[in-house]
Each structure stands twice: as C-alpha cells, then as structure tokens.
file final-v5.cif (mmCIF, C-alpha atoms)
data_target
loop_
_atom_site.label_atom_id
_atom_site.label_comp_id
_atom_site.auth_asym_id
_atom_site.auth_seq_id
_atom_site.Cartn_x
_atom_site.Cartn_y
_atom_site.Cartn_z
CA MET Z 25 0.00 0.00 0.00
CA GLN Z 26 2.76 2.37 0.97
CA ARG Z 27 4.64 1.54 -2.20
CA VAL Z 28 1.57 2.29 -4.37
CA LEU Z 29 1.10 5.58 -2.60
CA TRP Z 30 4.76 6.39 -3.10
CA TRP Z 31 4.51 5.71 -6.83
CA ILE Z 32 1.37 7.87 -7.12
CA VAL Z 33 3.11 10.76 -5.35
CA PHE Z 34 6.23 10.26 -7.43
CA GLY Z 35 4.20 10.21 -10.68
CA THR Z 36 2.35 13.38 -9.71
CA PHE Z 37 5.64 15.04 -8.85
CA ILE Z 38 7.15 14.17 -12.24
CA ALA Z 39 3.96 15.27 -14.03
CA VAL Z 40 4.03 18.63 -12.23
CA ILE Z 41 7.69 19.13 -13.16
CA VAL Z 42 7.07 18.24 -16.81
CA LEU Z 43 4.04 20.54 -16.93
CA GLY Z 44 6.09 23.30 -15.33
CA ILE Z 45 8.88 22.95 -17.88
CA PHE Z 46 6.29 22.92 -20.67
CA LEU Z 47 4.58 26.10 -19.41
CA PHE Z 48 7.91 27.77 -18.80
CA SER Z 49 9.10 27.01 -22.33
CA LEU Z 50 5.80 28.36 -23.69
CA ILE Z 51 6.42 31.61 -21.79
CA ILE Z 52 10.00 31.74 -23.06
CA ALA Z 53 8.78 31.22 -26.63
CA ALA Z 54 6.16 33.97 -26.32
CA HIS Z 55 8.05 36.51 -24.15
CA PRO Z 56 11.77 35.77 -24.25
CA GLU Z 57 12.68 39.14 -22.70
CA ALA Z 58 10.39 38.63 -19.71
CA ALA Z 59 11.80 35.14 -19.15
CA ALA Z 60 15.37 36.48 -19.40
CA PHE Z 61 14.47 39.21 -16.90
CA VAL Z 62 13.12 36.66 -14.41
CA ILE Z 63 16.14 34.38 -14.89
CA GLY Z 64 18.53 37.30 -14.39
CA PHE Z 65 16.67 38.41 -11.27
CA LEU Z 66 16.44 34.93 -9.66
CA GLY Z 67 19.96 33.88 -10.67
CA PHE Z 68 21.59 36.99 -9.29
CA TRP Z 69 19.41 36.88 -6.18
CA LEU Z 70 20.76 33.36 -5.55
CA PHE Z 71 24.29 34.79 -5.41
CA ALA Z 72 23.23 38.00 -3.66
CA ASN Z 73 21.26 36.20 -0.94
CA ARG Z 74 24.24 35.74 1.36
CA LEU Z 75 25.31 39.35 0.88
CA ILE Z 76 21.81 40.80 1.34
CA PHE Z 77 21.13 38.90 4.57
CA GLY Z 78 24.72 39.30 5.74
CA TYR Z 79 24.79 43.06 5.31
CA GLY Z 80 21.23 43.33 6.65
CA GLY Z 81 22.23 41.37 9.77
CA ILE Z 82 25.36 43.48 10.27
CA ALA Z 83 23.38 46.72 9.93
CA ASN Z 84 20.75 45.48 12.39
CA ALA Z 85 23.26 44.24 14.96
CA ALA Z 86 25.37 47.41 14.71
CA LYS Z 87 22.28 49.61 15.07
CA ALA Z 88 21.23 47.61 18.14
CA PHE Z 89 24.74 48.02 19.59
CA LEU Z 90 24.61 51.78 18.96
CA ASP Z 91 21.24 51.94 20.73
CA GLY Z 92 22.82 50.40 23.82
CA GLU Z 93 21.74 46.78 23.45
CA ILE Z 94 24.41 44.09 23.66
CA PRO Z 95 23.99 41.57 20.81
CA ASP Z 96 24.74 37.88 21.39
CA LYS Z 97 28.46 37.49 20.69
CA SER Z 98 28.27 33.74 20.06
CA GLU Z 99 25.77 34.28 17.23
CA ILE Z 100 28.02 36.81 15.50
CA ALA Z 101 31.03 34.54 16.05
CA GLN Z 102 29.20 31.73 14.29
CA LYS Z 103 28.72 33.93 11.22
CA ILE Z 104 32.48 34.55 10.99
CA ALA Z 105 33.87 31.12 11.88
CA LYS Z 106 33.21 27.96 9.90
CA SER Z 107 31.71 26.15 12.89
CA PRO Z 108 30.92 26.80 16.58
CA GLU Z 109 34.00 24.72 17.53
CA ALA Z 110 36.23 26.86 15.32
CA ALA Z 111 34.74 29.98 16.88
CA GLN Z 112 35.55 28.60 20.33
CA LEU Z 113 39.12 27.74 19.35
CA GLN Z 114 39.70 31.13 17.76
CA LYS Z 115 38.48 32.73 21.02
CA LEU Z 116 36.23 35.00 19.00
CA GLU Z 117 33.87 35.53 21.91
CA ASP Z 118 36.64 37.26 23.86
CA LEU Z 119 36.62 40.09 21.31
CA SER Z 120 34.41 43.15 21.64
CA VAL Z 121 31.12 43.37 19.75
CA ALA Z 122 32.36 46.16 17.46
CA ALA Z 123 35.48 44.14 16.53
CA LEU Z 124 33.31 41.08 15.77
CA LEU Z 125 30.99 43.18 13.60
CA SER Z 126 33.87 44.59 11.59
CA MET Z 127 35.25 41.05 11.16
CA TRP Z 128 31.83 39.92 9.94
CA LEU Z 129 31.77 42.83 7.49
CA SER Z 130 35.18 41.96 6.10
CA SER Z 131 34.33 38.23 5.92
CA LEU Z 132 31.73 39.13 3.25
CA GLU Z 133 34.31 40.98 1.14
CA PRO Z 134 35.24 38.08 -1.24
CA PHE Z 135 31.56 37.30 -1.91
CA LYS Z 136 30.91 40.95 -2.65
CA TYR Z 137 33.86 41.08 -5.03
CA ALA Z 138 32.75 37.96 -6.92
CA TYR Z 139 29.18 39.24 -7.07
CA TYR Z 140 30.15 42.62 -8.48
CA LEU Z 141 32.43 40.89 -11.00
CA GLY Z 142 29.49 38.78 -12.21
CA PHE Z 143 27.25 41.81 -12.49
CA PHE Z 144 29.95 43.77 -14.28
CA LEU Z 145 30.34 41.03 -16.91
CA VAL Z 146 26.58 40.92 -17.54
CA PHE Z 147 26.47 44.72 -17.65
CA LEU Z 148 29.39 44.78 -20.09
CA ILE Z 149 27.69 42.34 -22.48
CA ALA Z 150 24.44 44.34 -22.31
CA ALA Z 151 26.35 47.58 -22.92
CA LEU Z 152 28.14 46.08 -25.94
CA PHE Z 153 24.78 45.15 -27.45
CA GLU Z 154 23.21 48.47 -26.47
CA LEU Z 155 26.00 50.52 -28.08
CA ASN Z 156 25.83 48.31 -31.21
CA ILE Z 157 29.45 47.21 -30.84
CA ILE Z 158 28.09 43.70 -31.24
CA SER Z 159 24.67 43.61 -32.82
CA SER Z 160 22.07 40.91 -32.78
CA ILE Z 161 18.33 41.46 -33.05
CA VAL Z 162 17.67 38.25 -31.09
CA ILE Z 163 20.32 38.24 -28.33
CA GLY Z 164 20.59 42.02 -27.75
CA PRO Z 165 17.27 42.57 -25.94
CA ILE Z 166 17.73 39.32 -23.99
CA ALA Z 167 21.16 40.43 -22.72
CA GLU Z 168 19.65 43.77 -21.70
CA ALA Z 169 16.73 42.07 -19.92
CA VAL Z 170 19.13 39.80 -17.97
CA MET Z 171 21.12 42.88 -16.95
CA LEU Z 172 18.00 44.74 -15.81
CA GLY Z 173 16.86 41.71 -13.78
CA ALA Z 174 20.30 41.44 -12.19
CA ALA Z 175 20.36 45.16 -11.39
CA ILE Z 176 17.61 44.81 -8.75
CA PRO Z 177 19.51 42.51 -6.30
CA THR Z 178 22.69 44.45 -7.09
CA LEU Z 179 21.06 47.69 -5.97
CA LEU Z 180 19.91 45.98 -2.75
CA VAL Z 181 23.41 44.63 -2.09
CA TRP Z 182 24.97 48.00 -2.72
CA GLY Z 183 22.52 49.89 -0.51
CA LEU Z 184 22.77 47.42 2.37
CA GLU Z 185 26.57 47.45 2.05
CA LEU Z 186 26.60 51.24 2.42
CA LEU Z 187 24.26 51.06 5.43
CA ALA Z 188 26.23 48.23 7.12
CA GLY Z 189 29.52 50.07 6.53
CA TYR Z 190 28.08 53.23 8.04
CA TYR Z 191 26.67 51.53 11.14
CA VAL Z 192 29.81 49.46 11.75
CA GLY Z 193 31.89 52.65 11.46
CA GLN Z 194 29.68 54.32 14.09
CA ALA Z 195 29.86 51.25 16.32
CA LEU Z 196 33.68 51.24 16.08
CA VAL Z 197 33.81 54.94 17.01
CA LYS Z 198 31.57 54.26 20.01
CA ALA Z 199 33.63 51.22 21.09
CA VAL Z 200 36.93 53.12 20.80
CA LYS Z 201 35.50 55.94 22.92
CA GLU Z 202 34.40 53.42 25.57
CA VAL Z 203 37.88 51.86 25.62
CA GLU Z 204 39.51 55.29 26.02
CA VAL Z 205 37.15 56.24 28.85
CA GLY Z 206 37.85 52.89 30.53
CA SER Z 207 41.63 53.28 30.32
CA GLN Z 208 41.45 56.87 31.66
CA GLU Z 209 39.37 55.66 34.61
CA SER Z 210 41.84 52.88 35.35
CA GLN Z 211 44.73 55.38 35.22
CA GLN Z 212 42.87 57.65 37.66
CA ASN Z 213 42.25 54.69 39.93
CA GLN Z 214 45.97 53.94 40.00
CA MET H 13 21.86 60.23 12.18
CA LYS H 14 21.94 62.24 8.98
CA ARG H 15 23.81 59.80 6.81
CA PRO H 16 21.52 56.75 6.85
CA ALA H 17 18.71 59.00 5.61
CA GLY H 18 21.03 60.26 2.90
CA ILE H 19 21.91 56.70 1.89
CA LEU H 20 18.24 55.72 1.79
CA ILE H 21 17.32 58.74 -0.35
CA LEU H 22 20.18 57.95 -2.74
CA ILE H 23 19.06 54.32 -3.05
CA SER H 24 15.44 55.37 -3.55
CA ILE H 25 16.42 57.73 -6.37
CA ILE H 26 18.49 55.03 -8.08
CA ALA H 27 15.68 52.52 -7.57
CA LEU H 28 13.24 54.93 -9.25
CA ILE H 29 15.59 55.38 -12.21
CA LEU H 30 16.11 51.61 -12.43
CA GLY H 31 12.36 50.96 -12.32
CA TRP H 32 11.84 53.59 -14.99
CA GLY H 33 14.50 51.89 -17.12
CA ILE H 34 12.92 48.44 -16.69
CA GLY H 35 9.45 49.77 -17.46
CA SER H 36 10.53 51.67 -20.55
CA PHE H 37 12.55 48.66 -21.76
CA PHE H 38 9.50 46.38 -21.71
CA THR H 39 7.25 49.09 -23.21
CA GLN H 40 9.76 49.66 -25.98
CA ARG H 41 10.00 45.93 -26.73
CA THR H 42 6.20 45.63 -26.90
CA VAL H 43 5.93 48.63 -29.22
CA ALA H 44 8.76 47.30 -31.38
CA LYS H 45 6.95 43.96 -31.74
CA VAL H 46 3.70 45.70 -32.71
CA VAL H 47 5.47 47.90 -35.27
CA ALA H 48 7.33 44.91 -36.68
CA SER H 49 4.02 43.14 -37.33
CA ILE H 50 2.76 45.94 -39.59
CA PRO H 51 3.58 45.30 -43.27
CA ALA H 52 5.37 48.23 -44.93
CA SER H 53 5.46 49.40 -48.52
CA PRO H 54 8.68 48.58 -50.39
CA ILE H 55 10.88 51.47 -51.52
CA VAL H 56 12.99 51.32 -54.68
CA VAL H 57 16.22 52.97 -53.56
CA ASP H 58 18.27 52.38 -56.71
CA ALA H 59 17.97 51.11 -60.28
CA GLN H 60 20.93 50.11 -62.47
CA TYR H 61 20.85 49.17 -66.14
CA ASP H 62 23.12 46.23 -66.99
CA ARG H 63 24.07 46.66 -70.66
CA GLU H 64 25.50 43.17 -71.13
CA LYS H 65 22.59 41.29 -69.60
CA HIS H 66 20.07 43.77 -71.04
CA SER H 67 18.31 44.00 -67.70
CA ILE H 68 17.59 46.53 -64.97
CA THR H 69 18.51 45.64 -61.38
CA TYR H 70 16.34 47.33 -58.77
CA SER H 71 17.48 47.67 -55.17
CA ILE H 72 14.30 47.46 -53.10
CA LEU H 73 14.18 48.25 -49.40
CA ASN H 74 11.55 46.64 -47.19
CA PRO H 75 11.36 49.10 -44.25
CA GLY H 76 8.87 47.04 -42.21
CA GLY H 77 9.13 43.93 -40.10
CA VAL H 78 7.09 41.58 -42.29
CA PRO H 79 8.62 39.83 -45.29
CA LEU H 80 7.04 40.84 -48.61
CA THR H 81 6.97 38.70 -51.74
CA ILE H 82 7.05 40.12 -55.26
CA VAL H 83 4.86 37.84 -57.36
CA ASP H 84 4.56 39.72 -60.62
CA GLU H 85 6.48 42.28 -62.72
CA SER H 86 5.20 44.46 -65.56
CA PHE H 87 6.90 47.25 -67.43
CA VAL H 88 6.31 49.83 -70.09
CA PHE H 89 9.17 50.78 -72.41
CA THR H 90 9.06 54.28 -73.84
CA PRO H 91 11.81 55.11 -76.37
CA GLY H 92 13.74 58.35 -76.09
CA LYS H 93 15.02 60.56 -78.92
CA ASN H 94 18.15 58.45 -79.55
CA SER H 95 16.41 55.11 -79.77
CA LYS H 96 15.19 53.40 -82.91
CA GLU H 97 13.20 50.88 -80.92
CA GLN H 98 9.42 50.99 -80.80
CA GLY H 99 7.65 51.41 -77.50
CA TYR H 100 6.31 48.19 -76.01
CA ILE H 101 4.60 46.80 -72.94
CA VAL H 102 5.47 43.56 -71.16
CA SER H 103 2.98 42.62 -68.51
CA HIS H 104 2.61 40.01 -65.79
CA VAL H 105 5.97 38.30 -65.75
CA PRO H 106 5.64 35.86 -62.83
CA VAL H 107 8.51 36.10 -60.35
CA HIS H 108 9.04 34.98 -56.79
CA ALA H 109 11.34 37.40 -54.97
CA VAL H 110 11.12 37.55 -51.17
CA LEU H 111 12.03 40.89 -49.59
CA PRO H 112 13.23 40.16 -46.03
CA PRO H 113 12.39 42.81 -43.40
CA GLY H 114 14.73 45.72 -42.91
CA VAL H 115 17.18 45.04 -45.72
CA VAL H 116 17.74 46.03 -49.33
CA THR H 117 17.11 43.23 -51.83
CA ARG H 118 18.18 43.28 -55.47
CA VAL H 119 15.52 42.30 -57.99
CA GLU H 120 16.41 41.87 -61.65
CA LEU H 121 14.01 42.88 -64.40
CA LYS H 122 14.87 41.35 -67.78
CA LEU H 123 14.00 43.57 -70.74
CA LYS H 124 12.38 42.05 -73.78
CA THR H 125 14.84 39.78 -75.61
CA GLY H 126 15.75 40.77 -79.15
CA THR H 127 15.23 44.47 -78.51
CA GLU H 128 18.00 47.02 -78.81
CA LYS H 129 20.16 48.11 -75.87
CA LEU H 130 18.80 51.06 -73.95
CA GLN H 131 19.91 54.47 -75.19
CA ILE H 132 20.12 57.63 -73.13
CA GLY H 133 16.69 59.08 -72.64
CA ASP H 134 14.87 55.76 -72.83
CA ALA H 135 12.34 55.26 -70.06
CA VAL H 136 11.12 52.10 -68.39
CA LEU H 137 8.18 52.25 -66.01
CA ALA H 138 8.28 49.09 -63.93
CA THR H 139 5.36 47.91 -61.80
CA PHE H 140 5.95 45.32 -59.12
CA THR H 141 3.04 43.45 -57.61
CA TYR H 142 3.69 42.19 -54.10
CA VAL H 143 1.83 40.34 -51.38
CA HIS H 144 2.31 40.06 -47.63
CA PRO H 145 1.28 37.19 -45.33
CA LEU H 146 -1.45 39.07 -43.46
CA SER H 147 -3.96 39.40 -46.29
CA PRO H 148 -4.62 37.86 -49.72
CA ASP H 149 -4.67 41.31 -51.39
CA LEU H 150 -2.26 42.35 -54.14
CA TYR H 151 -0.36 45.64 -53.85
CA THR H 152 1.71 47.41 -56.47
CA VAL H 153 4.62 49.79 -56.52
CA ALA H 154 5.57 51.56 -59.75
CA HIS H 155 9.03 52.95 -60.42
CA PRO H 156 9.86 55.19 -63.38
CA PHE H 157 13.42 54.78 -64.68
CA LYS H 158 15.03 56.97 -67.30
CA LEU H 159 18.51 56.06 -68.51
CA GLY H 160 21.09 58.81 -67.98
CA VAL H 161 18.85 60.86 -65.71
CA GLY H 162 19.40 61.21 -62.00
CA GLY H 163 23.16 60.59 -62.22
CA LYS H 164 22.87 57.20 -60.58
CA ASN H 165 24.73 55.20 -63.21
CA VAL H 166 27.54 57.49 -64.27
CA ALA H 167 29.54 54.75 -65.97
CA GLU H 168 26.59 53.69 -68.08
CA GLN H 169 25.91 57.30 -68.92
CA LYS H 170 29.43 57.80 -70.30
CA LYS H 171 29.15 54.69 -72.45
CA ALA H 172 25.80 55.87 -73.70
CA ASN H 173 27.27 59.28 -74.57
CA LYS H 174 30.08 57.72 -76.63
CA GLY H 175 27.61 55.49 -78.42
CA GLY H 176 25.45 58.46 -79.22
CA LYS H 177 28.29 60.41 -80.84
#
call {"tool": "encode", "arguments": {"input": "final-v5.cif", "output": "structure tokens"}}
result
Amino acid sequence: MQRVLWWIVFGTFIAVIVLGIFLFSLIIAAHPEAAAFVIGFLGFWLFANRLIFGYGGIANAAKAFLDGEIPDKSEIAQKIAKSPEAAQLQKLEDLSVAALLSMWLSSLEPFKYAYYLGFFLVFLIAALFELNIISSIVIGPIAEAVMLGAAIPTLLVWGLELLAGYYVGQALVKAVKEVEVGSQESQQNQ
Amino acid sequence: MKRPAGILILISIIALILGWGIGSFFTQRTVAKVVASIPASPIVVDAQYDREKHSITYSILNPGGVPLTIVDESFVFTPGKNSKEQGYIVSHVPVHAVLPPGVVTRVELKLKTGTEKLQIGDAVLATFTYVHPLSPDLYTVAHPFKLGVGGKNVAEQKKANKGGK
C-alpha cells in the first residue's frame, strides 16, 4: 500500500515538473525578454542572498549596539567562523562586539567582489549590445533584460553594504571611545 | 543620524531610475513587436541598367518587419530621342522574390529579348506586384526609370554618350 502511494506521489511530482517545464518554455517562446528578466533576477538573487542577509544582519546588529543593546556574541562569532568549535578555538567571543561586527563585514568581502564581477560582466555584455558594438536582433534585448533583472539585487546589495559600513563605522567609534574612557578611569584609579 | 537618511534617499532615487528603465525597456519591446508586425510598402532605392545582360537591377528596401513577396512584374518601355526601338509593354511576368524585413534586396528585371540596348533618354516604367502574409490582397509599386537621368549610373551614362556620338 505504501509503495503504491509512493509511486502515485512520485508520478504526480514528475507530471508537475514536466508541466512546469512545458509552461515555462511556452512563456520563453512567447516573451523571451520577460523570461530572461526573471532568470537574471532569480539567478543573481541566488548569489546575492548571502550578501543581502549578511549586510542586513550586520546593519541590524550594529544599530542595536549603537542603541545600547548588547547583541549575542556567540551568534556573531558563528557567522564569521566555519563552525561553533572553530569559533571557540579562535576565542572569537573574547573580542568586543564592534570588533566582531567589523570582522563579519570583512568576511563578506570576497563574496561581494565575486558578485560585483558577475554583475559587471553581464552589464558589459548588455552595454556592448546596447551601443551596437556587437549587434544581434535576437540576443541584444535578452542580454539587456538579464542585466535589468540582475540590477535589482545588485542595488539591494549596494545599498545594504553602504548602510552596514556606516553603522559598523559608528559602532567602532563608540567602542573606541568606551575603551579610552575605561583606560582613563583605570589610570585615575591607579 | 543624517547619513543613513542620505543613503536611503540615494538608493530610492536610483531605484526609481532603475524601475523607470525596466518599465521603458518592456514598453519599448512591446511597441517594437507591434510595429514589426505591420507590413510596410517597399521602396525602390536604386535602379541600375546592366548593358551586357540587357536587364535593370532594382534595389528594393523593405522598411517594415514583415517579409514581402514580389509575385509579378510588368513594365512599359518608352523610347527616347536616340532610340530606334518601338515602344512596347510587357505585362505580368511571374517572379518569386522575397524581400526580407529591414534590408535592401536586389531584384532583376529582364527587358524584352531581341530588342535594342537602352539608349540615353529611354524610359522604363516598372510595376511590381507584391503580397504580404497578413492578407490575400495584391499591392503594387511603380518605379519610373530613365537612362542617364538622375546621375545614378555614371559609368553607363558615359558609355551611352560615346555610343550616341
């Protein structure tokens, strides 16, 4: 009985996938630019996802730190290190919150670089078609549609990067001030 | 906190421009597809008389996005002052010349065999009948051609001058 049920579910699953591919190819045949736009958007979002949520998390945590809350260090340490054990070994939790946030920011740097490289290549191809350096009636609009779709996650990444950089900068300024005040107090105590 | 507001305003402005760009891109593509589906009238941009083949080659531009097919050629020959030939009419020569969209296509019109070579001042009025895939109607375009007038075939003109003297 279970096996029959499994086969029915499996058959339905395959049928849905085949139907989906069929409908999708119909859409591509009728509106190739729209399909290219969606593919560009989803594909670049896939690569931007880590950056968008990373920079969003950094901006949130830094804003919370600036407002006087103390974020959970172990959570931030897990974002930087490969595993909780590695974070423990690297003694990341001994560092201050601002230092951890700036480490988190710089740990996203290679992903950002690769992402911008990918967007630049797509942009370059679209620009070559747009300026008629290469010309193709068929591929030109599709390259431009892919670029426009990719531009949306790129704008999000760029904006969140600016925000995260700003908030981390403020958090570092605040942390340095606290350290200075602390050392002055300890000198006075001596 | 002045700068986060500044960053957000900057991103909003760029997002507006980007959205405008995306919207106008898709509008432009839709309009381009609609325009490309309208059949255009062919334009004869050039006509050259080939003395050896005794034919006139017409360069015909199809400015639209729908391919046109020339199905029939007719022409009227009117002799000029230098010609000894009689005027004649050749009508309904069946041809099948497809004019692809957006490009110039060369269509050859053979003059009546056994007649004399064209002299300067001779005129040929060609009528092309064409069809397009959207309707069964027949359309025509007529092009008057006078040898040695318009300065289009300077080489032919010189030859014709020598022959005349």
call {"tool": "resolve_selection", "arguments": {"input": "final-v5.cif", "expression": "the PyMOL selection byres ((chain H) within 9 of (chain Z))", "output": "ChimeraX atom specification"}}
result
/H:15-16,19-20,22-23,26-27,30-31,33-34,37-38,41
call {"tool": "resolve_selection", "arguments": {"input": "final-v5.cif", "expression": "the PyMOL selection byres ((chain H and resi 53) around 8)", "output": "list in words"}}
result
Pro51, Ala52, Pro54, Ile55, Asn74, Pro75 and Gly76 of chain H
call {"tool": "resolve_selection", "arguments": {"input": "final-v5.cif", "expression": "the PyMOL selection byres ((chain H and resi 95) around 10)", "output": "PyMOL selection string"}}
result
chain H and resi 90-94+96-99+128-134+176
call {"tool": "closest_residue", "arguments": {"input": "final-v5.cif", "among": "H:Ile82, H:Ser147, H:Asp58, H:Ala135", "to": "Tyr70 in chain H", "atoms": "all atoms listed in the file"}}
result
H:Asp58
call {"tool": "residues_around", "arguments": {"input": "final-v5.cif", "residues": "Val121 in chain Z", "least_positions_apart": "6", "cutoff": "9 Å", "atoms": "only C-alpha atoms", "output": "short mmCIF file (atom, residue, chain, number, x, y, z; two decimals) with C-alpha atoms, in the frame of the given file"}}
result
data_model
loop_
_atom_site.label_atom_id
_atom_site.label_comp_id
_atom_site.auth_asym_id
_atom_site.auth_seq_id
_atom_site.Cartn_x
_atom_site.Cartn_y
_atom_site.Cartn_z
CA ALA Z 86 25.37 47.41 14.71
CA PHE Z 89 24.74 48.02 19.59
CA ILE Z 94 24.41 44.09 23.66
CA PRO Z 95 23.99 41.57 20.81
CA ASP Z 96 24.74 37.88 21.39
CA LYS Z 97 28.46 37.49 20.69
CA ILE Z 100 28.02 36.81 15.50
CA ALA Z 195 29.86 51.25 16.32
CA ALA Z 199 33.63 51.22 21.09
#
call {"tool": "atom_distance", "arguments": {"input": "final-v5.cif", "atom1": "CA of Leu70 in chain Z", "atom2": "CA of Leu124 in chain Z"}}
result
25.9 Å
call {"tool": "closest_residue", "arguments": {"input": "final-v5.cif", "among": "Z:Tyr139, Z:Trp30, Z:Trp128, Z:Phe37", "to": "Phe68 in chain Z", "atoms": "all atoms listed in the file"}}
result
Z:Tyr139
call {"tool": "atom_distance", "arguments": {"input": "final-v5.cif", "atom1": "CA of Ile76 in chain Z", "atom2": "CA of Ala60 in chain Z"}}
result
22.1 Å
call {"tool": "atom_distance", "arguments": {"input": "final-v5.cif", "atom1": "CA of Leu90 in chain Z", "atom2": "CA of Lys198 in chain Z"}}
result
7.5 Å
call {"tool": "residues_around", "arguments": {"input": "final-v5.cif", "residues": "Leu116 in chain Z", "least_positions_apart": "3", "cutoff": "9 Å", "atoms": "all atoms listed in the file", "output": "PyMOL selection string"}}
result
chain Z and resi 97-98+101+104-105+110-113+119-120+124
call {"tool": "closest_residue", "arguments": {"input": "final-v5.cif", "among": "H:Pro113, H:Pro106, H:Pro145, H:Gly160", "to": "Gly77 in chain H", "atoms": "all atoms listed in the file"}}
result
H:Pro113
call {"tool": "residues_around", "arguments": {"input": "final-v5.cif", "residues": "range 136-141 of chain H", "least_positions_apart": "6", "cutoff": "7 Å", "atoms": "only C-alpha atoms", "output": "ChimeraX atom specification"}}
result
/H:82-90,150-158
call {"tool": "closest_residue", "arguments": {"input": "final-v5.cif", "among": "Z:Phe71, Z:Gly80, Z:Gly189, Z:Ala122", "to": "Leu141 in chain Z", "atoms": "only C-alpha atoms"}}
result
Z:Phe71
call {"tool": "residues_around", "arguments": {"input": "final-v5.cif", "residues": "Thr117 in chain H", "least_positions_apart": "3", "cutoff": "9 Å", "atoms": "all atoms listed in the file", "output": "PyMOL selection string"}}
result
chain H and resi 70-74+109-112
call {"tool": "build_atoms", "arguments": {"input": "final-v5.cif", "residues": "range 74-85 of chain Z", "atoms": "N, CA, C and O atoms", "output": "PDB file, in the frame of the given file"}}
result
ATOM      1  N   ARG Z  74      23.318  35.711   0.239  1.00  0.00           N
ATOM      2  CA  ARG Z  74      24.240  35.740   1.360  1.00  0.00           C
ATOM      3  C   ARG Z  74      24.651  37.172   1.710  1.00  0.00           C
ATOM      4  O   ARG Z  74      24.713  37.542   2.885  1.00  0.00           O
ATOM      5  N   LEU Z  75      24.900  37.967   0.660  1.00  0.00           N
ATOM      6  CA  LEU Z  75      25.310  39.350   0.880  1.00  0.00           C
ATOM      7  C   LEU Z  75      24.162  40.167   1.454  1.00  0.00           C
ATOM      8  O   LEU Z  75      24.341  40.946   2.393  1.00  0.00           O
ATOM      9  N   ILE Z  76      22.954  39.997   0.886  1.00  0.00           N
ATOM     10  CA  ILE Z  76      21.810  40.800   1.340  1.00  0.00           C
ATOM     11  C   ILE Z  76      21.527  40.521   2.810  1.00  0.00           C
ATOM     12  O   ILE Z  76      21.432  41.441   3.627  1.00  0.00           O
ATOM     13  N   PHE Z  77      21.437  39.209   3.167  1.00  0.00           N
ATOM     14  CA  PHE Z  77      21.130  38.900   4.570  1.00  0.00           C
ATOM     15  C   PHE Z  77      22.314  39.177   5.475  1.00  0.00           C
ATOM     16  O   PHE Z  77      22.130  39.583   6.617  1.00  0.00           O
ATOM     17  N   GLY Z  78      23.535  38.990   4.947  1.00  0.00           N
ATOM     18  CA  GLY Z  78      24.720  39.300   5.740  1.00  0.00           C
ATOM     19  C   GLY Z  78      24.790  40.776   6.091  1.00  0.00           C
ATOM     20  O   GLY Z  78      24.864  41.154   7.265  1.00  0.00           O
ATOM     21  N   TYR Z  79      24.702  41.618   5.066  1.00  0.00           N
ATOM     22  CA  TYR Z  79      24.790  43.060   5.310  1.00  0.00           C
ATOM     23  C   TYR Z  79      23.594  43.547   6.124  1.00  0.00           C
ATOM     24  O   TYR Z  79      23.732  44.425   6.986  1.00  0.00           O
ATOM     25  N   GLY Z  80      22.413  42.969   5.856  1.00  0.00           N
ATOM     26  CA  GLY Z  80      21.230  43.330   6.650  1.00  0.00           C
ATOM     27  C   GLY Z  80      21.439  42.987   8.111  1.00  0.00           C
ATOM     28  O   GLY Z  80      21.156  43.801   9.000  1.00  0.00           O
ATOM     29  N   GLY Z  81      21.968  41.790   8.384  1.00  0.00           N
ATOM     30  CA  GLY Z  81      22.230  41.370   9.770  1.00  0.00           C
ATOM     31  C   GLY Z  81      23.251  42.263  10.444  1.00  0.00           C
ATOM     32  O   GLY Z  81      23.080  42.662  11.603  1.00  0.00           O
ATOM     33  N   ILE Z  82      24.321  42.607   9.688  1.00  0.00           N
ATOM     34  CA  ILE Z  82      25.360  43.480  10.270  1.00  0.00           C
ATOM     35  C   ILE Z  82      24.753  44.834  10.624  1.00  0.00           C
ATOM     36  O   ILE Z  82      24.962  45.360  11.730  1.00  0.00           O
ATOM     37  N   ALA Z  83      23.969  45.396   9.676  1.00  0.00           N
ATOM     38  CA  ALA Z  83      23.380  46.720   9.930  1.00  0.00           C
ATOM     39  C   ALA Z  83      22.465  46.669  11.143  1.00  0.00           C
ATOM     40  O   ALA Z  83      22.518  47.566  12.005  1.00  0.00           O
ATOM     41  N   ASN Z  84      21.652  45.611  11.250  1.00  0.00           N
ATOM     42  CA  ASN Z  84      20.750  45.480  12.390  1.00  0.00           C
ATOM     43  C   ASN Z  84      21.501  45.380  13.705  1.00  0.00           C
ATOM     44  O   ASN Z  84      21.198  46.083  14.673  1.00  0.00           O
ATOM     45  N   ALA Z  85      22.519  44.470  13.716  1.00  0.00           N
ATOM     46  CA  ALA Z  85      23.260  44.240  14.960  1.00  0.00           C
ATOM     47  C   ALA Z  85      24.013  45.497  15.377  1.00  0.00           C
ATOM     48  O   ALA Z  85      24.030  45.864  16.562  1.00  0.00           O
TER      49      ALA Z  85
END
